[in-house]
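Coordinates from coords.pdb are shown below (PDB, C-alpha atoms).
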ATOM      1  CA  MET A   1       0.000   0.000   0.000
ATOM      2  CA  PHE A   2       2.751   2.359  -0.944
ATOM      3  CA  LEU A   3       4.034   4.933  -3.373
ATOM      4  CA  MET A   4       6.165   4.315  -6.426
ATOM      5  CA  ASN A   5       8.377   7.238  -5.410
ATOM      6  CA  SER A   6      11.231   5.599  -3.513
ATOM      7  CA  THR A   7      11.656   8.557  -1.144
ATOM      8  CA  THR A   8       8.208   7.849   0.263
ATOM      9  CA  THR A   9       7.643   4.200  -0.670
ATOM     10  CA  THR A  10      10.783   2.804   0.889
ATOM     11  CA  PRO A  11      10.392   4.181   4.430
ATOM     12  CA  THR A  12       6.646   3.478   4.529
ATOM     13  CA  LEU A  13       7.093  -0.060   3.268
ATOM     14  CA  GLU A  14      10.002  -0.624   5.643
ATOM     15  CA  TYR A  15       7.899   0.656   8.532
ATOM     16  CA  TYR A  16       5.141  -1.900   7.969
ATOM     17  CA  ASN A  17       7.508  -4.785   7.345
ATOM     18  CA  LYS A  18       9.514  -3.942  10.462
ATOM     19  CA  ASN A  19       6.446  -3.295  12.627
ATOM     20  CA  ALA A  20       4.110  -5.941  11.198
ATOM     21  CA  ALA A  21       3.759  -7.816  14.489
ATOM     22  CA  ALA A  22       2.895  -4.708  16.511
ATOM     23  CA  PHE A  23       0.563  -3.414  13.795
ATOM     24  CA  THR A  24      -1.202  -6.768  13.659
ATOM     25  CA  SER A  25      -1.688  -6.971  17.420
ATOM     26  CA  SER A  26      -3.143  -3.448  17.532
ATOM     27  CA  THR A  27      -5.564  -3.790  14.604
ATOM     28  CA  GLN A  28      -6.382  -7.392  13.675
ATOM     29  CA  THR A  29      -9.077  -8.097  16.254
ATOM     30  CA  LEU A  30     -10.502  -4.603  16.776
ATOM     31  CA  GLU A  31     -14.302  -4.374  16.674
ATOM     32  CA  PHE A  32     -15.070  -2.375  13.523
ATOM     33  CA  CYS A  33     -18.429  -3.749  12.425
ATOM     34  CA  GLU A  34     -20.318  -0.437  12.521
ATOM     35  CA  THR A  35     -18.144   0.975   9.739
ATOM     36  CA  GLN A  36     -17.850  -2.336   7.893
ATOM     37  CA  ASP A  37     -21.638  -2.699   7.868
ATOM     38  CA  SER A  38     -22.052   0.897   6.681
ATOM     39  CA  PHE A  39     -20.153  -0.166   3.555
ATOM     40  CA  LEU A  40     -21.854  -3.532   3.136
ATOM     41  CA  LYS A  41     -25.354  -2.083   3.136
ATOM     42  CA  TYR A  42     -24.574  -0.590  -0.285
ATOM     43  CA  LEU A  43     -23.683  -4.034  -1.698
ATOM     44  CA  SER A  44     -25.732  -7.068  -2.693
ATOM     45  CA  PRO A  45     -25.229 -10.382  -0.876
ATOM     46  CA  GLN A  46     -22.154 -12.283  -2.098
ATOM     47  CA  ALA A  47     -20.867  -9.192  -3.923
ATOM     48  CA  SER A  48     -17.217  -9.041  -4.982
ATOM     49  CA  ILE A  49     -14.989  -6.860  -2.794
ATOM     50  CA  LEU A  50     -11.390  -5.741  -3.209
ATOM     51  CA  ASP A  51      -9.749  -5.140   0.180
ATOM     52  CA  PHE A  52      -7.321  -2.528  -1.100
ATOM     53  CA  GLY A  53      -4.496  -2.438   1.429
ATOM     54  CA  CYS A  54      -5.787  -5.131   3.732
ATOM     55  CA  GLY A  55      -3.178  -4.766   6.472
ATOM     56  CA  ALA A  56      -3.408  -7.688   8.886
ATOM     57  CA  GLY A  57      -6.639  -8.996   7.333
ATOM     58  CA  ARG A  58      -9.281  -7.943   9.865
ATOM     59  CA  ASP A  59     -11.768  -6.638   7.316
ATOM     60  CA  THR A  60     -11.138  -9.357   4.743
ATOM     61  CA  LYS A  61     -11.986 -11.977   7.369
ATOM     62  CA  TYR A  62     -15.155 -10.114   8.360
ATOM     63  CA  PHE A  63     -16.354  -9.840   4.759
ATOM     64  CA  LEU A  64     -15.564 -13.503   4.048
ATOM     65  CA  GLU A  65     -17.530 -14.578   7.102
ATOM     66  CA  LYS A  66     -20.476 -12.539   5.814
ATOM     67  CA  GLY A  67     -20.429 -14.500   2.550
ATOM     68  CA  TYR A  68     -18.775 -11.944   0.262
ATOM     69  CA  GLN A  69     -16.222 -12.753  -2.431
ATOM     70  CA  VAL A  70     -13.026 -11.034  -1.328
ATOM     71  CA  THR A  71      -9.751 -10.291  -3.075
ATOM     72  CA  ALA A  72      -7.108  -8.926  -0.710
ATOM     73  CA  ILE A  73      -3.911  -7.028  -1.534
ATOM     74  CA  ASP A  74      -1.268  -5.142   0.405
ATOM     75  CA  GLY A  75       2.156  -3.671  -0.306
ATOM     76  CA  SER A  76       3.880  -5.089   2.751
ATOM     77  CA  GLU A  77       5.262  -8.592   2.345
ATOM     78  CA  GLU A  78       5.017  -9.231   6.081
ATOM     79  CA  LEU A  79       1.419  -8.014   6.327
ATOM     80  CA  CYS A  80       0.430 -10.108   3.308
ATOM     81  CA  ARG A  81       1.787 -13.159   5.096
ATOM     82  CA  LYS A  82      -0.006 -12.358   8.352
ATOM     83  CA  ALA A  83      -3.266 -11.524   6.577
ATOM     84  CA  SER A  84      -3.163 -14.745   4.577
ATOM     85  CA  GLU A  85      -2.586 -16.784   7.741
ATOM     86  CA  TYR A  86      -5.463 -15.011   9.480
ATOM     87  CA  THR A  87      -8.018 -15.118   6.659
ATOM     88  CA  GLY A  88      -7.156 -18.423   5.015
ATOM     89  CA  ILE A  89      -6.999 -16.915   1.507
ATOM     90  CA  PRO A  90      -4.000 -15.873  -0.598
ATOM     91  CA  VAL A  91      -3.149 -12.188  -0.195
ATOM     92  CA  LYS A  92      -1.352 -10.599  -3.125
ATOM     93  CA  GLN A  93       1.556  -8.223  -2.575
ATOM     94  CA  MET A  94       0.843  -5.269  -4.833
ATOM     95  CA  LEU A  95       1.172  -1.498  -4.988
ATOM     96  CA  PHE A  96      -1.967   0.582  -5.379
ATOM     97  CA  GLN A  97      -0.687   2.000  -8.653
ATOM     98  CA  ASP A  98      -0.508  -1.518 -10.102
ATOM     99  CA  LEU A  99      -4.292  -1.925 -10.012
ATOM    100  CA  ASN A 100      -5.218  -2.554 -13.617
ATOM    101  CA  CYS A 101      -8.564  -4.230 -14.169
ATOM    102  CA  HIS A 102     -11.920  -3.128 -15.512
ATOM    103  CA  SER A 103     -15.364  -3.777 -14.054
ATOM    104  CA  CYS A 104     -14.007  -6.423 -11.677
ATOM    105  CA  TYR A 105     -15.522  -5.498  -8.303
ATOM    106  CA  ASP A 106     -18.823  -4.430  -6.797
ATOM    107  CA  GLY A 107     -17.003  -2.679  -3.964
ATOM    108  CA  ILE A 108     -13.528  -1.515  -2.999
ATOM    109  CA  TRP A 109     -12.632  -1.239   0.666
ATOM    110  CA  ALA A 110      -9.692   1.139   1.232
ATOM    111  CA  CYS A 111      -9.591   1.443   5.007
ATOM    112  CA  SER A 112      -6.637   3.474   6.315
ATOM    113  CA  SER A 113      -4.665   2.490   3.244
ATOM    114  CA  ILE A 114      -4.619   4.923   0.317
ATOM    115  CA  LEU A 115      -3.845   7.643   2.861
ATOM    116  CA  HIS A 116      -0.196   6.681   2.218
ATOM    117  CA  LEU A 117      -0.318   8.110  -1.319
ATOM    118  CA  SER A 118       0.851  11.535  -2.430
ATOM    119  CA  SER A 119      -1.858  13.873  -3.682
ATOM    120  CA  GLU A 120      -0.988  13.215  -7.327
ATOM    121  CA  ASP A 121      -0.809   9.453  -6.848
ATOM    122  CA  LEU A 122      -4.093   9.548  -4.944
ATOM    123  CA  LYS A 123      -5.833  11.140  -7.932
ATOM    124  CA  ALA A 124      -4.447   8.523 -10.309
ATOM    125  CA  VAL A 125      -5.350   5.650  -7.999
ATOM    126  CA  PHE A 126      -8.907   6.903  -7.484
ATOM    127  CA  ILE A 127      -9.290   6.817 -11.284
ATOM    128  CA  LYS A 128      -7.905   3.265 -11.380
ATOM    129  CA  MET A 129     -10.320   2.271  -8.622
ATOM    130  CA  ALA A 130     -13.254   3.649 -10.601
ATOM    131  CA  ALA A 131     -12.158   1.648 -13.642
ATOM    132  CA  ALA A 132     -11.917  -1.501 -11.502
ATOM    133  CA  LEU A 133     -15.472  -1.081 -10.246
ATOM    134  CA  LYS A 134     -18.537  -2.458 -11.955
ATOM    135  CA  PRO A 135     -21.229   0.113 -12.897
ATOM    136  CA  ASP A 136     -22.507   1.939  -9.790
ATOM    137  CA  GLY A 137     -19.776   0.262  -7.704
ATOM    138  CA  ILE A 138     -18.987   1.472  -4.195
ATOM    139  CA  VAL A 139     -15.764   2.669  -2.546
ATOM    140  CA  TYR A 140     -15.124   3.027   1.168
ATOM    141  CA  ALA A 141     -12.016   5.026   2.048
ATOM    142  CA  SER A 142     -10.731   6.556   5.264
ATOM    143  CA  PHE A 143      -8.107   9.180   6.010
ATOM    144  CA  LYS A 144      -6.734  10.864   9.082
ATOM    145  CA  TYR A 145      -8.724  14.086   9.441
ATOM    146  CA  GLY A 146      -6.868  17.257   8.520
ATOM    147  CA  SER A 147      -4.903  18.931   5.744
ATOM    148  CA  TYR A 148      -1.345  17.707   6.347
ATOM    149  CA  GLU A 149       0.675  15.883   3.699
ATOM    150  CA  GLY A 150       4.134  14.428   4.272
ATOM    151  CA  MET A 151       6.130  12.069   6.462
ATOM    152  CA  ARG A 152       4.799  11.324   9.932
ATOM    153  CA  ASN A 153       6.117   8.683  12.323
ATOM    154  CA  GLY A 154       8.099   6.933   9.622
ATOM    155  CA  ARG A 155       5.312   6.828   7.023
ATOM    156  CA  TYR A 156       3.955   9.096   4.296
ATOM    157  CA  PHE A 157       0.429  10.418   4.854
ATOM    158  CA  ILE A 158      -2.101  12.566   3.081
ATOM    159  CA  ASP A 159      -4.800  13.790   5.466
ATOM    160  CA  MET A 160      -8.227  14.790   4.209
ATOM    161  CA  ASN A 161     -11.059  17.012   5.382
ATOM    162  CA  GLU A 162     -14.427  17.889   3.885
ATOM    163  CA  GLN A 163     -13.131  20.741   1.724
ATOM    164  CA  ARG A 164     -10.217  18.762   0.285
ATOM    165  CA  THR A 165     -12.516  15.825  -0.413
ATOM    166  CA  ASP A 166     -15.108  17.953  -2.190
ATOM    167  CA  GLU A 167     -12.418  19.596  -4.310
ATOM    168  CA  LEU A 168     -10.844  16.258  -5.223
ATOM    169  CA  MET A 169     -14.138  14.610  -6.137
ATOM    170  CA  ASN A 170     -15.167  17.601  -8.237
ATOM    171  CA  GLU A 171     -11.841  17.478 -10.062
ATOM    172  CA  LEU A 172     -11.989  13.743 -10.748
ATOM    173  CA  ASN A 173     -15.709  13.698 -11.633
ATOM    174  CA  VAL A 174     -15.961   9.909 -11.462
ATOM    175  CA  TYR A 175     -17.702   9.459  -8.098
ATOM    176  CA  THR A 176     -20.753  10.665  -6.250
ATOM    177  CA  ILE A 177     -20.250  11.156  -2.515
ATOM    178  CA  CYS A 178     -22.898   9.003  -0.822
ATOM    179  CA  ARG A 179     -21.751   9.670   2.717
ATOM    180  CA  MET A 180     -18.952  11.529   4.484
ATOM    181  CA  TRP A 181     -18.550  11.355   8.264
ATOM    182  CA  ILE A 182     -15.998  11.762  11.046
ATOM    183  CA  THR A 183     -15.170   9.122  13.646
ATOM    184  CA  SER A 184     -12.727   8.751  16.513
ATOM    185  CA  ASP A 185      -9.880   6.254  16.407
ATOM    186  CA  ILE A 186     -11.073   2.969  17.901
ATOM    187  CA  ARG A 187      -7.656   1.893  19.179
ATOM    188  CA  PRO A 188      -7.257   2.154  22.965
ATOM    189  CA  GLY A 189      -5.854   5.491  24.101
ATOM    190  CA  ARG A 190      -6.218   7.115  20.683
ATOM    191  CA  GLY A 191      -9.802   8.330  20.818
ATOM    192  CA  GLU A 192      -8.690  11.937  20.344
ATOM    193  CA  GLU A 193      -7.520  11.122  16.807
ATOM    194  CA  LYS A 194     -10.177  11.818  14.182
ATOM    195  CA  TRP A 195     -10.803  10.037  10.884
ATOM    196  CA  LEU A 196     -12.672  11.108   7.758
ATOM    197  CA  ASN A 197     -14.761   8.272   6.314
ATOM    198  CA  LEU A 198     -16.082   8.266   2.751
ATOM    199  CA  ILE A 199     -18.555   6.155   0.838
ATOM    200  CA  LEU A 200     -18.412   6.913  -2.874
ATOM    201  CA  GLN A 201     -20.396   5.540  -5.807
ATOM    202  CA  LYS A 202     -19.000   5.273  -9.306
ATOM    203  CA  LYS A 203     -20.836   7.551 -11.709
TER     204      LYS A 203
END
Starting from the file, lay out its structure as structure tokens.
Amino acid sequence: MFLMNSTTTTPTLEYYNKNAAAFTSSTQTLEFCETQDSFLKYLSPQASILDFGCGAGRDTKYFLEKGYQVTAIDGSEELCRKASEYTGIPVKQMLFQDLNCHSCYDGIWACSSILHLSSEDLKAVFIKMAAALKPDGIVYASFKYGSYEGMRNGRYFIDMNEQRTDELMNELNVYTICRMWITSDIRPGRGEEKWLNLILQKK
């Protein structure tokens, strides 16, 4: 789930490979069904979902258990291994920019993942995501709330707020915003951190 630019890709990728165990223990079993179900209500039963930057596999496992067809990818070799062990399905190691399919998925789940892209890469990847969706397909994406872009704690981040989101969606003109809402971080001790959640529909 990382950038092609080596100045940002390399440290971000290294961070997740080096910290895969700690990241897994802090995220894999967190209760996240309220947000997961907010996404699923836009999809038909047994719909096809791409978990786009699946991390340790928490959401892939949830969607599989609900009867959905799930394809999972991540950029971190270590997280792919842990997610595959946890979910019981193969997890492909792949960069976001390498997405190259057309009308493959009913939904794309990009939870805390494409926030590691630069602004220009984010635009290009959102276009690729739209191409990968079937007609009227749905995207869920989440970003740290704010307007910062750059390195933070060893990783590259682009934060988003309502204004930046509206401007980006207007520029791309490939999605309709179905819902945009703010939540607190669900990890213990991090409730003061805010997240911007998006549900988008392909035009």
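A straight line drawn from CA of Ala21 in chain A to CA of Leu79 in chain A is 8.5 Å long.
If you measure from each of A:Arg58, A:Lys18, A:Lys82, A:Lys66 to Phe32 in chain A using all atoms listed in the file, the closest one turns out to be A:Arg58.
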Distance criterion (all atoms listed in the file): nearest to Leu168 in chain A out of A:Leu13, A:Glu120, A:Lys194, A:Ile199: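 Result for the nearest residue to Leu168 in chain A: A:Glu120.
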Output check: residues returned by the PyMOL selection byres ((chain A and resi 126) around 10), as a list in words: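 This file, filtered by the PyMOL selection byres ((chain A and resi 126) around 10), leaves Phe96, Gln97, Ile114, Asp121, Leu122, Lys123, Ala124, Val125, Ile127, Lys128, Met129, Ala130, Ala131, Ala132, Val139, Leu168, Met169, Leu172, Val174 and Tyr175 of chain A.
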Residue nearest Ser48 in chain A among A:Ser76, A:Ser103, A:Ser112, A:Thr35 (counting all atoms listed in the file):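 Among the listed residues, A:Ser103 lies closest to Ser48 in chain A.
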Which residue of A:Tyr15, A:Tyr140, A:Tyr105, A:Tyr42 approaches Asp59 in chain A most closely, using only C-alpha atoms: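 Of A:Tyr15, A:Tyr140, A:Tyr105, A:Tyr42, the one nearest Asp59 in chain A, counting only C-alpha atoms, is A:Tyr140.
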d(CA of Thr176 in chain A, CA of Arg164 in chain A) in Å: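 Computed distance, CA of Thr176 in chain A to CA of Arg164 in chain A, equals 14.8 Å.
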Proximity to Lys203 in chain A - best of A:Ile108, A:Ile177, A:Ala141, A:Ile182, only C-alpha atoms: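 Checking each of A:Ile108, A:Ile177, A:Ala141, A:Ile182 against Lys203 in chain A, counting only C-alpha atoms, the winner is A:Ile177.
Considering all atoms listed in the file, the residue among A:Lys92, A:Lys41, A:Arg155, A:Arg179 positioned nearest to Cys54 in chain A is A:Lys92.
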Polymer residues at most 12 Å from Pro90 in chain A, only C-alpha atoms, same-chain spacing of 4 or more positions, as a ChimeraX atom specification: /A:54,57,60-61,70-74,79-86
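Counting from CA of Leu133 in chain A, the distance to CA of Cys111 in chain A is 16.5 Å.
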Can you report as JSON the centre and edge lengths in Å, to one decimal, of an axis-aligned box around the listed atoms of range 105-109 of chain A padded with 4 Å on each side?
{"center_x": -15.7, "center_y": -3.4, "center_z": -3.8, "size_x": 14.2, "size_y": 12.3, "size_z": 17.0}
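Residues lying within 12 Å of (-16.4, -16.8, 2.8). Counted over all atoms listed in the file, they are Pro45, Gln46, Ala47, Ser48, Ile49, Thr60, Lys61, Tyr62, Phe63, Leu64, Glu65, Lys66, Gly67, Tyr68, Gln69, Val70, Thr71, Thr87, Gly88 and Ile89 of chain A.
Within 10 Å of range 151-153 of chain A, once all atoms listed in the file are used and residues closer than 5 positions along the same chain are dropped, the contacting residues are Thr8, Pro11, Thr12, Tyr15, His116 and Ile158 of chain A.
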Take the residues that were just selected and, keeping C-alpha atoms, output them as a PDB file, keeping the file's coordinate frame.
ATOM      1  CA  THR A   8       8.208   7.849   0.263  1.00  0.00           C
ATOM      2  CA  PRO A  11      10.392   4.181   4.430  1.00  0.00           C
ATOM      3  CA  THR A  12       6.646   3.478   4.529  1.00  0.00           C
ATOM      4  CA  TYR A  15       7.899   0.656   8.532  1.00  0.00           C
ATOM      5  CA  HIS A 116      -0.196   6.681   2.218  1.00  0.00           C
ATOM      6  CA  ILE A 158      -2.101  12.566   3.081  1.00  0.00           C
TER       7      ILE A 158
END
Matched chain/residue IDs from the PyMOL selection byres ((chain A and resi 149) around 7), as a PyMOL selection string: chain A and resi 147-148+150+157-159
Residues within 7 Å of Ser184 in chain A, please, as a JSON list (two decimals) with C-alpha atoms, keeping the file's coordinate frame. Count all atoms listed in the file; anything in the same chain fewer than 4 positions from it doesn't count.
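Written file, around_1.json:
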[["chain", "number", "residue", "atom", "x", "y", "z"],
["A", 191, "GLY", "CA", -9.80, 8.33, 20.82],
["A", 192, "GLU", "CA", -8.69, 11.94, 20.34],
["A", 193, "GLU", "CA", -7.52, 11.12, 16.81],
["A", 194, "LYS", "CA", -10.18, 11.82, 14.18],
["A", 195, "TRP", "CA", -10.80, 10.04, 10.88]]
